[in-house]
Amino acid sequence: MMVLTVDVGNTHIELGVFIDGNLQRSWRIATGVDRTEDEVLVFLHHFLGMEGVRFSELDGVALSSVVPNMTFVFTKLCQKYLNEDPFIVDHTVNLGGIRIAYQNPAAVGADRLCNVVAAYQRYHQALVVIDFGTATTFDVLNSRGEYLGGVIAPGVETTAWALYQRAAKLPKISLEVPERTIGRSTTESMQVGILKGTIRMIDGLLEEITQELGEKPKVVATGGLARIIQPRTKYIEEFIPHLVLEGLYQIFQLNRS
């Protein structure tokens, strides 16, 4: 079975093709909300062709999206070229025993649901999943499989870009963690504030989350910048690169008719 998984975020779209349950390859493109379904198909033909797969040969498309316009584009794409709708993750689908205890379940982003499903399938215990994307999100699950909610903070790249855009004399910076905390240049000072500030925020919030949760969670991270931040935190135990795609595929499988 060949399934295309598509995670549409505000900045990037992550694509992955699963063949017989294994993630064969993944790709990222800019979200580009003005693209048509035919333009998106050009990307897909190129990417899938590298794996010897034609779009028309797919057994299904699983979609997680926080961008309504792109949800519409991928729906049109699947209807036009596969003659069926994509499977779209939201709070109403089977999440493998996870119960949403959020005040408004419909407000939970589909990518956040995919992350907790994939992590819970791996560990079957209380969890905090931290996703480093346009926003840095914390998602909290107790040992009974109840999704409690979490934290939404500005993403690292979002913060760096906002400072560059809003302060005339502040430069664009590379996202590297400096060794010292007293920055000796404007660039280094910004790196300390943004990167080290994020690391301290993460550790502080995790301490409060653990106390409030009343049990020790497994803490995992995903998303682009997790690779450089995770080793420098006290509490993030593991970096899982394609967690959202794993969860998307698992939810698709759980809901196959």
# chains A, B, ... in the order shown; residues from 1 in each chain; ligands from 1

call {"tool": "select_by_dssp", "arguments": {"residues": "range 26-137 of chain A", "states": "strand (DSSP E)", "output": "PyMOL selection string"}}
result
chain A and resi 26-30+60-65+87-88+99-100+127-132+135-137

call {"tool": "residues_around", "arguments": {"residues": "Ser56 in chain A", "least_positions_apart": "4", "cutoff": "12 Å", "atoms": "only C-alpha atoms", "output": "PyMOL selection string"}}
result
chain A and resi 2-4+41+44-45+48-49+52+60-61+77-84

call {"tool": "closest_residue", "arguments": {"among": "A:Met1, A:Ile182, A:Met70, A:Val177", "to": "Leu23 in chain A", "atoms": "only C-alpha atoms"}}
result
A:Met1

call {"tool": "residues_around", "arguments": {"residues": "Tyr102 in chain A", "least_positions_apart": "2", "cutoff": "7 Å", "atoms": "only C-alpha atoms", "output": "number ranges by chain"}}
result
A: 100, 104-105, 147-149

call {"tool": "atom_distance", "arguments": {"atom1": "CA of Glu207 in chain A", "atom2": "CA of Gly109 in chain A"}}
result
24.1 Å

call {"tool": "residues_around", "arguments": {"residues": "Glu14 in chain A", "least_positions_apart": "3", "cutoff": "9 Å", "atoms": "only C-alpha atoms", "output": "short mmCIF file (atom, residue, chain, number, x, y, z; two decimals) with N, CA and C atoms, in the first residue's frame"}}
result
data_model
loop_
_atom_site.label_atom_id
_atom_site.label_comp_id
_atom_site.auth_asym_id
_atom_site.auth_seq_id
_atom_site.Cartn_x
_atom_site.Cartn_y
_atom_site.Cartn_z
N THR A 5 1.38 11.28 2.69
CA THR A 5 0.99 12.07 3.85
C THR A 5 1.43 13.50 3.61
N VAL A 6 0.55 14.44 3.96
CA VAL A 6 0.79 15.86 3.68
C VAL A 6 0.49 16.66 4.95
N ASP A 7 1.49 17.32 5.48
CA ASP A 7 1.30 18.19 6.65
C ASP A 7 1.50 19.63 6.21
N VAL A 8 0.40 20.37 6.15
CA VAL A 8 0.44 21.77 5.69
C VAL A 8 0.55 22.68 6.90
N GLY A 9 1.70 23.33 7.03
CA GLY A 9 1.89 24.31 8.09
C GLY A 9 1.83 25.72 7.52
N SER A 26 10.79 11.81 2.51
CA SER A 26 10.01 13.00 2.83
C SER A 26 10.63 14.22 2.15
N TRP A 27 9.79 15.25 1.94
CA TRP A 27 10.23 16.47 1.28
C TRP A 27 9.54 17.66 1.94
N ARG A 28 10.12 18.84 1.76
CA ARG A 28 9.49 20.07 2.26
C ARG A 28 9.47 21.10 1.15
N ILE A 29 8.34 21.80 1.04
CA ILE A 29 8.23 22.93 0.12
C ILE A 29 7.59 24.09 0.89
N ALA A 30 7.79 25.31 0.38
CA ALA A 30 7.13 26.47 0.97
C ALA A 30 5.62 26.33 0.78
N HIS A 242 10.19 13.07 11.97
CA HIS A 242 8.97 13.08 11.16
C HIS A 242 7.77 12.60 11.96
N LEU A 245 4.23 13.17 10.44
CA LEU A 245 3.91 12.27 9.32
C LEU A 245 3.58 10.87 9.82
#

call {"tool": "residues_around", "arguments": {"residues": "Gln253 in chain A", "least_positions_apart": "3", "cutoff": "10 Å", "atoms": "only C-alpha atoms", "output": "VMD selection string"}}
result
chain A and resid 3 21 62 94 96 247 to 250 256 to 257

call {"tool": "closest_residue", "arguments": {"among": "A:Leu127, A:Leu195, A:Arg166, A:Pro171", "to": "Lys216 in chain A", "atoms": "only C-alpha atoms"}}
result
A:Leu127

call {"tool": "atom_distance", "arguments": {"atom1": "CA of Thr136 in chain A", "atom2": "CA of Glu179 in chain A"}}
result
22.6 Å

call {"tool": "select_by_dssp", "arguments": {"residues": "range 44-215 of chain A", "states": "alpha helix (DSSP H)", "output": "ChimeraX atom specification"}}
result
/A:44-50,68-81,110-123,156-166,186-191,197-213
